[in-house]
$ cat work04.txt   # compact mmCIF, C-alpha atoms and all ligand atoms
# COMPACT_ATOMS: atom_id res chain seq x y z
CA MET O 106 98.97 167.19 74.55
CA ILE O 107 101.79 167.60 76.99
CA GLN O 108 99.79 165.55 79.45
CA ILE O 109 99.51 162.75 76.89
CA GLN O 110 103.21 162.78 76.18
CA GLU O 111 104.04 162.70 79.90
CA LEU O 112 101.62 159.88 80.38
CA LYS O 113 103.18 157.89 77.56
CA LYS O 114 106.65 158.35 78.99
CA SER O 115 105.77 157.17 82.47
CA ALA O 116 103.66 154.28 81.15
CA LEU O 117 106.55 153.00 78.99
CA LYS O 118 108.86 153.25 81.95
CA GLU O 119 106.56 151.28 84.18
CA ILE O 120 105.96 148.59 81.58
CA SER O 121 109.62 147.95 81.06
CA ALA O 122 110.28 148.06 84.81
CA ALA O 123 107.56 145.55 85.67
CA GLY O 124 109.28 142.42 86.94
CA SER O 125 106.20 140.31 87.60
CA LEU O 126 102.71 139.79 86.27
CA GLU O 127 101.26 141.44 89.38
CA GLU O 128 103.32 144.58 88.88
CA LEU O 129 102.36 144.70 85.24
CA GLU O 130 98.69 144.32 86.06
CA LYS O 131 98.88 147.17 88.57
CA ALA O 132 100.39 149.43 85.90
CA GLU O 133 97.76 148.39 83.38
CA ILE O 134 94.99 149.31 85.80
CA LYS O 135 96.70 152.60 86.56
CA TYR O 136 96.62 153.67 82.89
CA LEU O 137 93.93 151.67 81.16
CA GLY O 138 91.63 150.61 84.00
CA ARG O 139 88.13 151.96 84.42
CA LYS O 140 89.52 154.92 86.35
CA GLY O 141 92.89 154.79 84.65
CA GLU O 142 94.74 157.98 83.68
CA LEU O 143 94.35 157.46 79.94
CA THR O 144 90.77 156.35 80.33
CA LEU O 145 89.94 159.59 82.13
CA ILE O 146 91.52 161.63 79.35
CA LEU O 147 89.55 159.77 76.71
CA ARG O 148 86.39 160.29 78.67
CA SER O 149 86.99 164.03 79.08
CA LEU O 150 87.45 164.53 75.32
CA LYS O 151 83.78 165.28 74.90
CA ASP O 152 84.13 168.38 77.07
CA LEU O 153 86.80 169.91 74.81
CA PRO O 154 86.09 172.38 72.03
CA VAL O 155 85.73 170.67 68.65
CA GLU O 156 89.07 171.87 67.30
CA GLU O 157 91.07 170.54 70.19
CA ARG O 158 89.07 167.36 70.27
CA LYS O 159 90.03 166.73 66.63
CA LYS O 160 93.72 167.08 67.48
CA ILE O 161 93.88 165.28 70.80
CA GLY O 162 91.30 162.58 70.19
CA PRO O 163 93.30 160.56 67.63
CA LEU O 164 96.48 160.93 69.68
CA ALA O 165 94.84 159.53 72.78
CA GLN O 166 93.23 156.69 70.84
CA GLN O 167 96.56 155.89 69.23
CA LEU O 168 98.28 155.80 72.61
CA LYS O 169 95.62 153.51 74.00
CA LYS O 170 96.20 151.01 71.21
CA GLU O 171 99.96 151.22 71.62
CA LEU O 172 99.80 150.68 75.36
CA GLU O 173 97.44 147.75 75.02
CA GLU O 174 99.86 146.07 72.64
CA LEU O 175 102.80 146.75 74.90
CA PHE O 176 101.02 145.39 77.95
CA ASN O 177 100.10 142.22 76.08
CA LYS O 178 103.60 141.70 74.80
CA LYS O 179 105.16 142.23 78.19
CA SER O 180 102.63 139.93 79.81
CA GLU O 181 103.56 137.12 77.40
CA GLU O 182 107.22 137.72 78.15
CA LEU O 183 106.67 137.53 81.88
CA LYS O 184 104.60 134.36 81.57
CA THR O 185 107.31 132.44 79.72
CA LYS O 186 109.87 133.79 82.10
CA THR O 187 108.06 132.63 85.25
CA TYR O 188 107.43 129.27 83.62
CA ASN O 189 111.08 128.81 82.83
CA LEU O 190 112.04 129.84 86.31
CA LYS O 191 110.07 126.99 87.90
CA PRO O 192 112.39 124.07 88.55
CA VAL O 193 110.89 121.31 86.41
CA LEU O 194 113.18 118.66 87.74
CA ASP O 195 115.27 118.96 90.84
CA ILE O 196 117.81 116.20 90.53
CA THR O 197 119.08 116.79 94.03
CA LYS O 198 115.79 115.63 95.57
CA PRO O 199 115.34 111.99 96.62
CA GLY O 200 113.40 109.97 94.05
CA LYS O 201 109.68 109.32 94.32
CA LYS O 202 108.82 105.68 94.77
CA ILE O 203 106.26 104.66 92.18
CA LYS O 204 103.73 102.17 93.47
CA ILE O 205 103.14 99.28 91.14
CA GLY O 206 100.33 96.83 91.59
CA HIS O 207 100.59 93.08 91.80
CA LEU O 208 98.41 90.07 91.27
CA HIS O 209 95.72 89.22 93.77
CA PRO O 210 96.73 86.19 95.89
CA LEU O 211 93.97 84.14 94.27
CA SER O 212 95.20 85.03 90.78
CA LYS O 213 98.72 84.10 91.80
CA ILE O 214 97.72 80.68 93.05
CA GLU O 215 95.48 80.09 90.06
CA GLU O 216 98.41 80.81 87.77
CA GLU O 217 100.60 78.38 89.71
CA ILE O 218 97.94 75.69 89.42
CA ARG O 219 97.51 76.30 85.69
CA ASN O 220 101.24 76.03 85.15
CA ILE O 221 101.58 72.76 87.06
CA PHE O 222 98.77 71.17 85.04
CA LEU O 223 100.12 72.58 81.79
CA SER O 224 103.44 70.93 82.62
CA MET O 225 101.54 67.63 82.94
CA ASN O 226 100.08 68.06 79.45
CA PHE O 227 96.62 69.27 80.53
CA SER O 228 94.88 72.04 78.59
CA VAL O 229 93.23 74.98 80.33
CA VAL O 230 89.71 75.91 79.22
CA GLU O 231 87.10 78.29 80.59
CA GLY O 232 83.33 78.47 80.44
CA PRO O 233 80.32 80.71 81.06
CA GLU O 234 79.35 81.90 84.54
CA ILE O 235 75.71 82.11 83.50
CA GLU O 236 74.69 78.53 82.91
CA ASP O 237 71.50 76.67 82.20
CA GLU O 238 69.78 73.96 84.16
CA TYR O 239 70.72 71.30 81.65
CA HIS O 240 74.50 71.78 81.83
CA ASN O 241 74.67 72.61 85.51
CA PHE O 242 72.41 69.75 86.61
CA ASP O 243 70.52 67.41 84.26
CA ALA O 244 73.42 66.39 82.04
CA LEU O 245 75.45 65.74 85.18
CA ASN O 246 72.91 63.17 86.32
CA ILE O 247 71.13 65.55 88.69
CA PRO O 248 67.58 65.56 87.32
CA LYS O 249 64.87 68.00 88.38
CA ASP O 250 63.42 67.21 91.81
CA HIS O 251 66.39 65.01 92.63
CA PRO O 252 67.34 65.61 96.27
CA ALA O 253 71.00 65.93 95.26
CA ARG O 254 70.16 69.34 93.82
CA ASP O 255 69.88 70.62 97.38
CA ALA O 256 73.63 70.20 97.73
CA TRP O 257 74.05 73.19 95.41
CA ASN O 258 72.13 76.21 96.69
CA THR O 259 71.40 77.95 93.47
CA PHE O 260 71.00 81.53 92.34
CA TRP O 261 68.30 81.23 89.71
CA LEU O 262 67.99 84.04 87.22
CA LYS O 263 64.55 85.52 86.71
CA LEU O 264 62.96 84.05 83.62
CA THR O 265 61.43 87.36 82.63
CA ASP O 266 64.84 89.04 82.54
CA TYR O 267 66.39 86.31 80.48
CA LYS O 268 63.52 85.24 78.27
CA ARG O 269 65.50 85.73 75.13
CA GLN O 270 68.21 83.45 76.46
CA THR O 271 66.08 80.56 77.60
CA THR O 272 66.33 77.53 75.41
CA ASN O 273 65.53 73.86 75.59
CA ASP O 274 68.31 73.75 78.14
CA GLY O 275 66.04 75.00 80.88
CA ARG O 276 66.18 77.87 83.28
CA LYS O 277 69.20 80.12 83.57
CA LEU O 278 71.30 80.21 86.72
CA LEU O 279 74.69 81.25 88.04
CA ARG O 280 76.76 78.09 87.82
CA THR O 281 77.09 76.41 91.19
CA HIS O 282 80.23 74.53 90.18
CA THR O 283 82.60 74.25 87.22
CA SER O 284 81.38 70.73 86.41
CA PRO O 285 79.01 71.96 83.63
CA MET O 286 82.18 72.58 81.63
CA GLN O 287 82.74 68.81 81.63
CA ILE O 288 79.57 68.58 79.55
CA ARG O 289 80.30 71.58 77.33
CA TYR O 290 83.80 70.35 76.61
CA MET O 291 82.75 66.80 75.80
CA GLU O 292 79.90 68.06 73.61
CA THR O 293 82.45 69.73 71.35
CA HIS O 294 85.58 67.54 71.64
CA ASN O 295 86.47 63.92 71.11
CA PRO O 296 88.52 61.92 73.59
CA PRO O 297 91.22 61.31 74.61
CA PHE O 298 91.99 64.60 76.35
CA GLN O 299 92.82 66.08 79.72
CA ILE O 300 91.69 69.53 80.82
CA ILE O 301 91.37 71.78 83.81
CA VAL O 302 88.72 74.48 84.09
CA PRO O 303 89.38 77.33 86.50
CA GLY O 304 86.40 79.59 87.08
CA ARG O 305 84.09 81.47 89.33
CA VAL O 306 81.10 79.73 90.87
CA PHE O 307 78.16 80.94 92.96
CA ARG O 308 76.23 79.56 95.92
CA TYR O 309 73.18 80.97 97.60
CA GLU O 310 74.48 80.59 101.13
CA ALA O 311 75.16 82.49 104.31
CA THR O 312 78.77 83.67 104.45
CA ASP O 313 81.19 82.90 107.23
CA ALA O 314 84.92 82.33 107.61
CA SER O 315 84.84 79.39 105.21
CA HIS O 316 81.85 80.19 102.97
CA GLU O 317 81.41 82.85 100.34
CA ILE O 318 78.53 83.34 97.92
CA ASN O 319 81.04 83.33 95.12
CA PHE O 320 84.36 81.57 94.95
CA TYR O 321 86.61 79.84 92.46
CA GLN O 322 86.89 76.22 91.53
CA ILE O 323 89.35 74.27 89.47
CA GLU O 324 87.67 71.43 87.65
CA GLY O 325 89.68 68.60 86.18
CA LEU O 326 88.65 66.03 83.58
CA MET O 327 90.67 63.32 81.91
CA VAL O 328 89.05 60.92 79.45
CA GLY O 329 90.73 58.12 77.58
CA LYS O 330 90.89 54.37 77.14
CA ASP O 331 91.66 52.40 80.28
CA ILE O 332 91.71 55.40 82.59
CA SER O 333 91.26 54.35 86.21
CA LEU O 334 91.31 55.81 89.71
CA ALA O 335 94.96 54.85 89.87
CA ASN O 336 95.66 57.41 87.14
CA PHE O 337 93.73 59.97 89.14
CA LYS O 338 95.74 59.25 92.28
CA PHE O 339 99.00 59.63 90.44
CA ILE O 340 98.06 62.90 88.75
CA ILE O 341 96.62 64.51 91.86
CA GLU O 342 99.45 63.43 94.15
CA GLU O 343 101.99 64.73 91.65
CA PHE O 344 100.07 67.96 91.49
CA PHE O 345 100.00 68.51 95.25
CA LYS O 346 103.66 67.61 95.65
CA LYS O 347 104.52 70.29 93.11
CA PHE O 348 102.04 72.75 94.57
CA PHE O 349 103.28 72.49 98.16
CA GLY O 350 106.85 71.73 97.18
CA ARG O 351 107.16 68.69 99.44
CA GLU O 352 105.85 65.23 100.20
CA ILE O 353 102.21 65.21 101.32
CA GLU O 354 100.10 62.57 103.07
CA PHE O 355 96.80 61.76 101.35
CA ARG O 356 93.57 60.14 102.44
CA TYR O 357 90.76 59.00 100.14
CA ARG O 358 87.25 58.71 101.51
CA PRO O 359 84.25 57.28 99.62
CA SER O 360 81.76 60.02 98.83
CA TYR O 361 78.76 60.77 96.67
CA PHE O 362 78.41 63.07 93.70
CA PRO O 363 75.75 62.14 91.13
CA PHE O 364 78.13 62.59 88.19
CA VAL O 365 80.82 60.16 89.38
CA GLU O 366 80.88 56.52 90.37
CA PRO O 367 82.71 55.70 92.49
CA GLY O 368 83.04 59.08 94.15
CA VAL O 369 85.78 60.09 96.55
CA GLU O 370 86.84 62.97 98.69
CA VAL O 371 90.53 63.66 99.02
CA ASP O 372 92.09 64.90 102.25
CA ILE O 373 95.63 66.05 102.81
CA LYS O 374 97.47 66.14 106.09
CA PHE O 375 98.49 69.63 107.01
CA LYS O 376 100.04 70.42 110.42
CA ASN O 377 98.81 67.09 111.73
CA LYS O 378 95.24 67.79 110.70
CA TRP O 379 93.29 66.18 107.88
CA LEU O 380 91.86 68.80 105.53
CA GLU O 381 89.30 68.00 102.89
CA ILE O 382 90.61 69.37 99.65
CA MET O 383 88.57 68.08 96.73
CA GLY O 384 85.75 65.96 95.40
CA ALA O 385 86.47 63.52 92.63
CA GLY O 386 85.61 60.21 91.05
CA MET O 387 85.22 58.21 87.86
CA VAL O 388 82.93 59.88 85.32
CA HIS O 389 79.44 58.36 85.61
CA ARG O 390 78.19 56.45 82.56
CA LYS O 391 75.07 58.65 82.53
CA VAL O 392 77.33 61.67 82.00
CA PHE O 393 79.02 59.97 79.06
CA GLU O 394 75.59 59.12 77.68
CA SER O 395 74.52 62.80 77.89
CA VAL O 396 77.40 63.74 75.60
CA LYS O 397 77.03 60.68 73.38
CA TYR O 398 80.29 59.02 74.32
CA ASN O 399 80.24 55.24 74.44
CA PRO O 400 80.75 54.33 78.13
CA TYR O 401 82.11 50.92 77.11
CA GLU O 402 84.80 52.55 75.08
CA TRP O 403 85.82 55.51 77.28
CA GLN O 404 86.61 56.01 80.91
CA GLY O 405 87.60 59.11 82.76
CA PHE O 406 88.09 60.78 86.08
CA ALA O 407 86.90 64.18 87.20
CA PHE O 408 87.77 66.33 90.18
CA GLY O 409 86.82 69.70 91.59
CA MET O 410 88.59 71.81 94.17
CA SER O 411 88.25 75.27 95.62
CA LEU O 412 90.93 77.79 94.73
CA GLU O 413 90.28 79.71 97.97
CA ARG O 414 90.78 76.58 100.04
CA LEU O 415 94.18 75.88 98.50
CA THR O 416 95.22 79.50 98.80
CA MET O 417 94.14 79.61 102.44
CA ILE O 418 96.20 76.53 103.24
CA LYS O 419 99.25 77.67 101.33
CA TYR O 420 99.25 81.23 102.69
CA LYS O 421 97.72 80.39 106.11
CA VAL O 422 94.71 82.66 105.66
CA ASP O 423 91.95 81.91 108.15
CA ASP O 424 88.97 83.78 106.69
CA ILE O 425 87.79 83.40 103.09
CA ARG O 426 86.06 86.79 103.21
CA LEU O 427 89.42 88.55 103.31
CA PHE O 428 89.96 87.73 99.64
CA TYR O 429 87.02 89.90 98.61
CA SER O 430 87.32 92.61 101.26
CA GLY O 431 89.39 94.94 99.07
CA ASP O 432 91.46 95.64 102.18
CA LEU O 433 94.95 96.69 101.07
CA ARG O 434 96.45 95.77 104.43
CA PHE O 435 95.61 92.20 103.51
CA ILE O 436 96.29 92.34 99.77
CA ASN O 437 99.70 93.98 100.16
CA GLN O 438 101.03 91.07 102.17
CA PHE O 439 101.30 88.94 99.05
N1 LIG S 1 81.35 69.77 91.38
C1 LIG S 1 81.60 69.23 92.69
C2 LIG S 1 81.27 70.31 93.73
O1 LIG S 1 81.12 71.45 93.39
C3 LIG S 1 83.03 68.77 92.85
C4 LIG S 1 83.35 67.58 92.00
C5 LIG S 1 83.86 67.77 90.74
C6 LIG S 1 83.15 66.30 92.48
C7 LIG S 1 84.16 66.68 89.94
C8 LIG S 1 83.45 65.21 91.69
C9 LIG S 1 83.95 65.39 90.45
O2 LIG S 1 81.12 70.04 94.90
$ encode --input "work04.txt" --output "structure tokens"
Amino acid sequence: MIQIQELKKSALKEISAAGSLEELEKAEIKYLGRKGELTLILRSLKDLPVEERKKIGPLAQQLKKELEELFNKKSEELKTKTYNLKPVLDITKPGKKIKIGHLHPLSKIEEEIRNIFLSMNFSVVEGPEIEDEYHNFDALNIPKDHPARDAWNTFWLKLTDYKRQTTNDGRKLLRTHTSPMQIRYMETHNPPFQIIVPGRVFRYEATDASHEINFYQIEGLMVGKDISLANFKFIIEEFFKKFFGREIEFRYRPSYFPFVEPGVEVDIKFKNKWLEIMGAGMVHRKVFESVKYNPYEWQGFAFGMSLERLTMIKYKVDDIRLFYSGDLRFINQF
């Protein structure tokens, strides 16, 4: 019994003296561990005569419970104490710079282009990247087996994978240009109107510094009464003046696209070099017929340009593949 009382005294002392969780744990092992002092006493009870066992047993059990409670309490105390001791905020340290992201150069330029056209009363619309043969080709006066189809190397989607989606509009494909949105827009809207269509397009081609298998185009379409190429020239020259922020020299070359007549290619002079910048022309009467507009009543112009091309000129980037490289050394320069 004396032993138990002594043990209690020293245990209480050690608990209250413990200044850290490690110290407390050492004390706990010393008394309550597998070979702890109290544990040994409890284990030796069975060797005592019955009378003594009856007296000492409950005392030892009682002490065990008490000590366990005390250890737990102290441990909680120490935990909150160490937590509070940790400096949560050291206001004397220099601040941490938080990195914030920014728009991709292509997104930036696209936004600029949208805003310029919005300021000229154009609307911005978007369309599906998965197209069908009808909208991407036939309705644009590029019938099946027409050699002009070769100008757009096409990613065809496997019929079996897209069976449910195939309709009278032919096979599914990844749109090769944004021009199918000319058709979709005219199918659902009446003229007059003027729109641009920014969007991603896909070409089944080898990549190099100026070719990617996917890139972005900005399509333009204006339909009204008495619209002519002169209107196109004005709009597009205004646009480029605003885009580059200065006077620009333009050159118009006759060209061929099945969905325009006449067709032109527009070049701009940049650092004394002529750069081809877009295809354009007057909407072909066959296109108007596909969407059931009367070609004697309505005229329009359409144009298509590559967002990457404009961005490369404006930011002096010499390899289109950089835009999709995910290389932060490139991206962070913008
Ligand atoms: N869709 C054509 C292309 O991808 C560009 C274009 C658009 C040409 C509109 C004329 C009119 O090459």
$ residues_around --input "work04.txt" --residues "Pro363 (chain O)" --least-positions-apart "3" --cutoff "8 Å" --atoms "only C-alpha atoms" --output "mmCIF file with C-alpha atoms, in the frame of the given file"
data_model
loop_
_atom_site.group_PDB
_atom_site.id
_atom_site.type_symbol
_atom_site.label_atom_id
_atom_site.label_comp_id
_atom_site.auth_asym_id
_atom_site.auth_seq_id
_atom_site.Cartn_x
_atom_site.Cartn_y
_atom_site.Cartn_z
ATOM 1 C CA LEU O 245 75.450 65.740 85.180
ATOM 2 C CA ASN O 246 72.910 63.170 86.320
ATOM 3 C CA ILE O 247 71.130 65.550 88.690
ATOM 4 C CA ALA O 253 71.000 65.930 95.260
ATOM 5 C CA GLU O 366 80.880 56.520 90.370
ATOM 6 C CA HIS O 389 79.440 58.360 85.610
#
$ residues_around --input "work04.txt" --residues "Ile301 (chain O)" --least-positions-apart "5" --cutoff "8 Å" --atoms "only C-alpha atoms" --output "PyMOL selection string"
chain O and resi 219+222+227-230+323-326
$ write_last_selection --input "work04.txt" --atoms "C-alpha atoms" --output "tab-separated table (two decimals), in the coordinates of the input"
chain	number	residue	atom	x	y	z
O	219	ARG	CA	97.51	76.30	85.69
O	222	PHE	CA	98.77	71.17	85.04
O	227	PHE	CA	96.62	69.27	80.53
O	228	SER	CA	94.88	72.04	78.59
O	229	VAL	CA	93.23	74.98	80.33
O	230	VAL	CA	89.71	75.91	79.22
O	323	ILE	CA	89.35	74.27	89.47
O	324	GLU	CA	87.67	71.43	87.65
O	325	GLY	CA	89.68	68.60	86.18
O	326	LEU	CA	88.65	66.03	83.58
$ closest_residue --input "work04.txt" --among "O:Val365, O:Ile341, O:Leu412, O:Leu427" --to "ligand LIG 1 (chain S)" --atoms "all atoms listed in the file"
O:Val365
$ closest_residue --input "work04.txt" --among "O:Arg254, O:Lys213, O:Arg158, O:Lys347" --to "ligand LIG 1 (chain S)" --atoms "all atoms listed in the file"
O:Arg254
$ axis_aligned_box --input "work04.txt" --around "ligand LIG 1 (chain S)" --padding-each-side "5 Å" --output "lines of an AutoDock Vina configuration file"
center_x = 82.6
center_y = 68.3
center_z = 92.4
size_x = 13.0
size_y = 16.2
size_z = 15.0
$ residues_near_ligand --input "work04.txt" --ligand "ligand LIG 1 (chain S)" --cutoff "10 Å" --atoms "all atoms listed in the file" --output "PDB file with C-alpha atoms, in the coordinates of the input"
ATOM      1  CA  ASN O 241      74.670  72.610  85.510  1.00  0.00           C
ATOM      2  CA  LEU O 245      75.450  65.740  85.180  1.00  0.00           C
ATOM      3  CA  ALA O 256      73.630  70.200  97.730  1.00  0.00           C
ATOM      4  CA  TRP O 257      74.050  73.190  95.410  1.00  0.00           C
ATOM      5  CA  ARG O 280      76.760  78.090  87.820  1.00  0.00           C
ATOM      6  CA  THR O 281      77.090  76.410  91.190  1.00  0.00           C
ATOM      7  CA  HIS O 282      80.230  74.530  90.180  1.00  0.00           C
ATOM      8  CA  THR O 283      82.600  74.250  87.220  1.00  0.00           C
ATOM      9  CA  SER O 284      81.380  70.730  86.410  1.00  0.00           C
ATOM     10  CA  PRO O 285      79.010  71.960  83.630  1.00  0.00           C
ATOM     11  CA  GLN O 287      82.740  68.810  81.630  1.00  0.00           C
ATOM     12  CA  VAL O 306      81.100  79.730  90.870  1.00  0.00           C
ATOM     13  CA  PHE O 307      78.160  80.940  92.960  1.00  0.00           C
ATOM     14  CA  ARG O 308      76.230  79.560  95.920  1.00  0.00           C
ATOM     15  CA  GLN O 322      86.890  76.220  91.530  1.00  0.00           C
ATOM     16  CA  ILE O 323      89.350  74.270  89.470  1.00  0.00           C
ATOM     17  CA  GLU O 324      87.670  71.430  87.650  1.00  0.00           C
ATOM     18  CA  GLY O 325      89.680  68.600  86.180  1.00  0.00           C
ATOM     19  CA  LEU O 326      88.650  66.030  83.580  1.00  0.00           C
ATOM     20  CA  SER O 360      81.760  60.020  98.830  1.00  0.00           C
ATOM     21  CA  TYR O 361      78.760  60.770  96.670  1.00  0.00           C
ATOM     22  CA  PHE O 362      78.410  63.070  93.700  1.00  0.00           C
ATOM     23  CA  PRO O 363      75.750  62.140  91.130  1.00  0.00           C
ATOM     24  CA  PHE O 364      78.130  62.590  88.190  1.00  0.00           C
ATOM     25  CA  VAL O 365      80.820  60.160  89.380  1.00  0.00           C
ATOM     26  CA  GLU O 366      80.880  56.520  90.370  1.00  0.00           C
ATOM     27  CA  PRO O 367      82.710  55.700  92.490  1.00  0.00           C
ATOM     28  CA  GLY O 368      83.040  59.080  94.150  1.00  0.00           C
ATOM     29  CA  VAL O 369      85.780  60.090  96.550  1.00  0.00           C
ATOM     30  CA  GLU O 370      86.840  62.970  98.690  1.00  0.00           C
ATOM     31  CA  MET O 383      88.570  68.080  96.730  1.00  0.00           C
ATOM     32  CA  GLY O 384      85.750  65.960  95.400  1.00  0.00           C
ATOM     33  CA  ALA O 385      86.470  63.520  92.630  1.00  0.00           C
ATOM     34  CA  GLY O 386      85.610  60.210  91.050  1.00  0.00           C
ATOM     35  CA  MET O 387      85.220  58.210  87.860  1.00  0.00           C
ATOM     36  CA  VAL O 388      82.930  59.880  85.320  1.00  0.00           C
ATOM     37  CA  HIS O 389      79.440  58.360  85.610  1.00  0.00           C
ATOM     38  CA  PHE O 406      88.090  60.780  86.080  1.00  0.00           C
ATOM     39  CA  ALA O 407      86.900  64.180  87.200  1.00  0.00           C
ATOM     40  CA  PHE O 408      87.770  66.330  90.180  1.00  0.00           C
ATOM     41  CA  GLY O 409      86.820  69.700  91.590  1.00  0.00           C
ATOM     42  CA  MET O 410      88.590  71.810  94.170  1.00  0.00           C
ATOM     43  CA  SER O 411      88.250  75.270  95.620  1.00  0.00           C
TER      44      SER O 411
END
